[in-house]
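Student: Take a look at the following structure, please.
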Amino acid sequence: MKTINDLFILEGMKEGIVLAGHRGLTRNVQFVNISDTPDVINFLAENHLLLSTGYAFKDDTEKFCELIKQMHELNCSGLVIKISRFFHQLPPEVKLLADRLAFPIIDLPTNHTLGELSRHILNYLNDHEAEQLYYALHVQKEFSNMLIKGYSLSALLEQLGHLLGRPALLLNHRGEMIAQSHDFLKESMKDIKQEILQKVKEDLPVAREGTTFSIPSREYQSVTTFSVHTKRQYPSMLVIFDSLTLPYPSSQMAIEQAGNVISFTIVKEQAIEENSRLLKNNFFADLIEMKIQSDEEIFSRSNYYGLQKGMENVCVVCTIDAQGEKYETLQLYEKKVGELHNTVYDQLEDAIIQERLEATLFTKGKYFAMILQFPKYSDEEINMITQFIENVQANFNGDLTLSFGVSHSVPSLKEVPTVYYEAVEAILTGYEQNLKGFIKYYKTKDLEELLKSLPRKDLKALYENTLKSLAYPKTKEEQELVKTIQVYLDAQCEFSETSRKLYVHRNTVKYRIEKTEELLNCSLRDPAESLRIRVALIIGSILKEEEETFSH
């Protein structure tokens, strides 16, 4: 059976003021009666609550006191009265009597009608679903007020635990604790908390959706998780201990209402976190664009974001592979791209935490950049990075794929711009090769790769100007001269070694080299001239390769 106290969650009653008889708020309520007749006592019985304007005894305090005594003798619940309608205040004699008898008298605000309040109370008393709804709305309003006043997540959890009479935990999407009710601070509950956390992490996807399970030490009691949706791809979790035996009218609906308010609070905190992330990314942009000139500022700001001096620094850049219309037609700032970007960021952050890497995650444009730090950098660390990336790619939840570029290592934070651009170049190299879902380690371009990046007309002009008539050898003699130059330069301009490789006499080699130097008007023993001819010969092989490719 409900008490007067239970009614204060209802519309009208929650604005009511207890004028007297506070000790009687625990009286039971079973029925509501509305009356302003002088003989109302004849229609009342045990556990009846009377709603009245007080008209029948507005001019007769003695009659008012007599009614209170009679209702008390009948064990009635109490009196709800519109005191301002016919009284300026509750008569002192009535107040003294009600206080002595612990008989509650409650003032109903004028903006609520007695009929309206009667309907609310009767629905609450007789309809279990309505009662649960009222309770859920009460919980929602209480938590909303706490949200508006800026209460912390810990305070919200403490209040939820108090309202439900059950220990409560709030976990993030990784199953890590964000907040807890005071129950879990007790020594007897610490081991239970660890069991709950372990059980949740054993099957995170199911726990995020909402599930009920038991733990080894309390198999006869249940633990239930409820989804708390936020801006993240995966929900946080509200965990209620022994929720299946909640006292009526507590219900899942009430927990969900509290969960909604908690989710708003988390979203607010995530917005603050995103602002901090923006400041961190601005620092990274300043660093790689070399806008920070002072060594002291570089080191102090880097340290603020977890980067230490005296470590080997490696940059790993990640990007989402474009896949036709599925990705490319989305505008950069559309909601879907923003959600996708946040999802990748969260999963990279999760992976860094799980692998316990010394790493700081930044973003710049479409790139996610991780600066990894190691005391030393060897094959073991390279294998560790590869394994880390492969795990991220394998566990990435989404229709798209991720590609990674990895830089060399540098010993100073001042050189972070170098490793960032190396990692980006490694990414671009992979895309030039039409790869997707790849891991590309940066390597310094050799001379041939650099030459291939130059305009073809410039390459051709350099080639022809350097080799002159030998650029396009037609006769057998010209072909032999070109071949001899190539071998002679590769043999470090040694006649004997060249003759051995060409299977010709030493004097033949000497003749051919003299003939070549005369045609090209240079000395092949001159370092500058020999370099120019070496480059020309490489250009020749590039042009020939392209010509053969084109002809096919």
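Every chain in the structure tokens takes a letter, A first, then B, and so on in the order presented; its residues are numbered from 1, and the ligands are numbered from 1 following the presented order.
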Using DSSP assignments from the backbone, pull out every residue in segment 324-453 of chain A that falls under strand (DSSP E) and give it to me as number ranges by chain.
Tutor: A: 359-364, 367-374, 402-410, 439-441
Student: Emit the selected residues as an mmCIF file, in the first residue's frame, including N, CA, C and O atoms.
Tutor:
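This is the output file result_31.cif:
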```cif
data_model
loop_
_atom_site.group_PDB
_atom_site.id
_atom_site.type_symbol
_atom_site.label_atom_id
_atom_site.label_comp_id
_atom_site.auth_asym_id
_atom_site.auth_seq_id
_atom_site.Cartn_x
_atom_site.Cartn_y
_atom_site.Cartn_z
ATOM 1 N N ALA A 359 52.054 6.384 -27.132
ATOM 2 C CA ALA A 359 51.662 7.030 -28.386
ATOM 3 C C ALA A 359 50.662 8.137 -28.126
ATOM 4 O O ALA A 359 49.873 8.071 -27.179
ATOM 5 N N THR A 360 50.705 9.156 -28.965
ATOM 6 C CA THR A 360 49.740 10.256 -28.898
ATOM 7 C C THR A 360 49.066 10.369 -30.258
ATOM 8 O O THR A 360 49.735 10.379 -31.297
ATOM 9 N N LEU A 361 47.728 10.427 -30.234
ATOM 10 C CA LEU A 361 46.944 10.452 -31.464
ATOM 11 C C LEU A 361 46.505 11.870 -31.800
ATOM 12 O O LEU A 361 45.966 12.579 -30.954
ATOM 13 N N PHE A 362 46.766 12.286 -33.045
ATOM 14 C CA PHE A 362 46.342 13.595 -33.551
ATOM 15 C C PHE A 362 45.555 13.381 -34.840
ATOM 16 O O PHE A 362 45.562 12.283 -35.412
ATOM 17 N N THR A 363 44.877 14.437 -35.298
ATOM 18 C CA THR A 363 44.297 14.404 -36.643
ATOM 19 C C THR A 363 44.698 15.668 -37.382
ATOM 20 O O THR A 363 44.868 16.724 -36.775
ATOM 21 N N LYS A 364 44.853 15.506 -38.689
ATOM 22 C CA LYS A 364 45.127 16.667 -39.555
ATOM 23 C C LYS A 364 44.431 16.412 -40.874
ATOM 24 O O LYS A 364 44.834 15.534 -41.643
ATOM 25 N N TYR A 367 43.749 12.845 -42.314
ATOM 26 C CA TYR A 367 44.722 11.910 -41.767
ATOM 27 C C TYR A 367 44.623 11.805 -40.242
ATOM 28 O O TYR A 367 44.414 12.795 -39.545
ATOM 29 N N PHE A 368 44.805 10.577 -39.740
ATOM 30 C CA PHE A 368 44.979 10.320 -38.313
ATOM 31 C C PHE A 368 46.474 10.048 -38.118
ATOM 32 O O PHE A 368 47.015 9.144 -38.760
ATOM 33 N N ALA A 369 47.115 10.835 -37.283
ATOM 34 C CA ALA A 369 48.569 10.705 -37.096
ATOM 35 C C ALA A 369 48.887 10.281 -35.672
ATOM 36 O O ALA A 369 48.488 10.948 -34.714
ATOM 37 N N MET A 370 49.604 9.176 -35.547
ATOM 38 C CA MET A 370 50.041 8.699 -34.227
ATOM 39 C C MET A 370 51.551 8.868 -34.121
ATOM 40 O O MET A 370 52.286 8.377 -34.989
ATOM 41 N N ILE A 371 51.982 9.567 -33.095
ATOM 42 C CA ILE A 371 53.414 9.663 -32.812
ATOM 43 C C ILE A 371 53.728 8.605 -31.760
ATOM 44 O O ILE A 371 53.301 8.705 -30.617
ATOM 45 N N LEU A 372 54.462 7.561 -32.184
ATOM 46 C CA LEU A 372 54.844 6.472 -31.286
ATOM 47 C C LEU A 372 56.258 6.724 -30.793
ATOM 48 O O LEU A 372 57.128 7.145 -31.574
ATOM 49 N N GLN A 373 56.496 6.461 -29.515
ATOM 50 C CA GLN A 373 57.811 6.709 -28.925
ATOM 51 C C GLN A 373 58.398 5.424 -28.346
ATOM 52 O O GLN A 373 57.688 4.639 -27.688
ATOM 53 N N PHE A 374 59.689 5.202 -28.607
ATOM 54 C CA PHE A 374 60.401 4.020 -28.117
ATOM 55 C C PHE A 374 61.757 4.448 -27.568
ATOM 56 O O PHE A 374 62.383 5.372 -28.106
ATOM 57 N N LEU A 402 41.080 0.634 -43.939
ATOM 58 C CA LEU A 402 42.058 1.619 -43.485
ATOM 59 C C LEU A 402 43.430 1.293 -44.057
ATOM 60 O O LEU A 402 43.820 0.132 -44.137
ATOM 61 N N SER A 403 44.162 2.325 -44.460
ATOM 62 C CA SER A 403 45.541 2.152 -44.921
ATOM 63 C C SER A 403 46.473 2.961 -44.028
ATOM 64 O O SER A 403 46.079 3.978 -43.451
ATOM 65 N N PHE A 404 47.713 2.491 -43.929
ATOM 66 C CA PHE A 404 48.678 3.090 -43.000
ATOM 67 C C PHE A 404 50.014 3.353 -43.690
ATOM 68 O O PHE A 404 50.483 2.539 -44.491
ATOM 69 N N GLY A 405 50.613 4.504 -43.364
ATOM 70 C CA GLY A 405 51.970 4.829 -43.771
ATOM 71 C C GLY A 405 52.832 4.975 -42.537
ATOM 72 O O GLY A 405 52.397 5.562 -41.546
ATOM 73 N N VAL A 406 54.033 4.416 -42.573
ATOM 74 C CA VAL A 406 54.915 4.428 -41.399
ATOM 75 C C VAL A 406 56.243 5.081 -41.783
ATOM 76 O O VAL A 406 56.837 4.749 -42.814
ATOM 77 N N SER A 407 56.710 5.997 -40.934
ATOM 78 C CA SER A 407 57.937 6.748 -41.215
ATOM 79 C C SER A 407 59.170 6.026 -40.696
ATOM 80 O O SER A 407 59.087 4.968 -40.062
ATOM 81 N N HIS A 408 60.350 6.637 -40.963
ATOM 82 C CA HIS A 408 61.572 6.264 -40.256
ATOM 83 C C HIS A 408 61.449 6.773 -38.819
ATOM 84 O O HIS A 408 60.464 7.410 -38.466
ATOM 85 N N SER A 409 62.462 6.553 -38.002
ATOM 86 C CA SER A 409 62.470 7.120 -36.652
ATOM 87 C C SER A 409 63.426 8.313 -36.599
ATOM 88 O O SER A 409 64.409 8.358 -37.339
ATOM 89 N N VAL A 410 63.101 9.267 -35.721
ATOM 90 C CA VAL A 410 63.988 10.415 -35.483
ATOM 91 C C VAL A 410 64.154 10.586 -33.974
ATOM 92 O O VAL A 410 63.232 10.298 -33.206
ATOM 93 N N ILE A 439 49.753 -1.491 -45.583
ATOM 94 C CA ILE A 439 50.723 -0.922 -44.648
ATOM 95 C C ILE A 439 51.966 -0.619 -45.466
ATOM 96 O O ILE A 439 52.546 -1.517 -46.072
ATOM 97 N N LYS A 440 52.362 0.634 -45.539
ATOM 98 C CA LYS A 440 53.505 1.030 -46.368
ATOM 99 C C LYS A 440 54.538 1.727 -45.498
ATOM 100 O O LYS A 440 54.252 2.748 -44.871
ATOM 101 N N TYR A 441 55.725 1.176 -45.453
ATOM 102 C CA TYR A 441 56.829 1.814 -44.732
ATOM 103 C C TYR A 441 57.549 2.765 -45.683
ATOM 104 O O TYR A 441 57.793 2.430 -46.856
#
```
Student: Neighbouring residues of Lys268 of chain A were defined as those with any atom within 12 Å, considering only C-alpha atoms; residues of the same chain fewer than 3 positions away were excluded. Please report them as a PyMOL selection string.
Tutor: chain A and resi 147-148+150-153+230-231+261-265+271-275
Student: How many Å lie between atom CA of His229 of chain A and atom CA of Gly210 of chain A, rounded to one decimal?
Tutor: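 Straight-line distance from atom CA of His229 of chain A to atom CA of Gly210 of chain A works out to 11.6 Å.
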Student: Which distance in Å separates atom CA of Val344 of chain A and atom CA of Arg356 of chain A, to one decimal?
Tutor: 18.1 Å
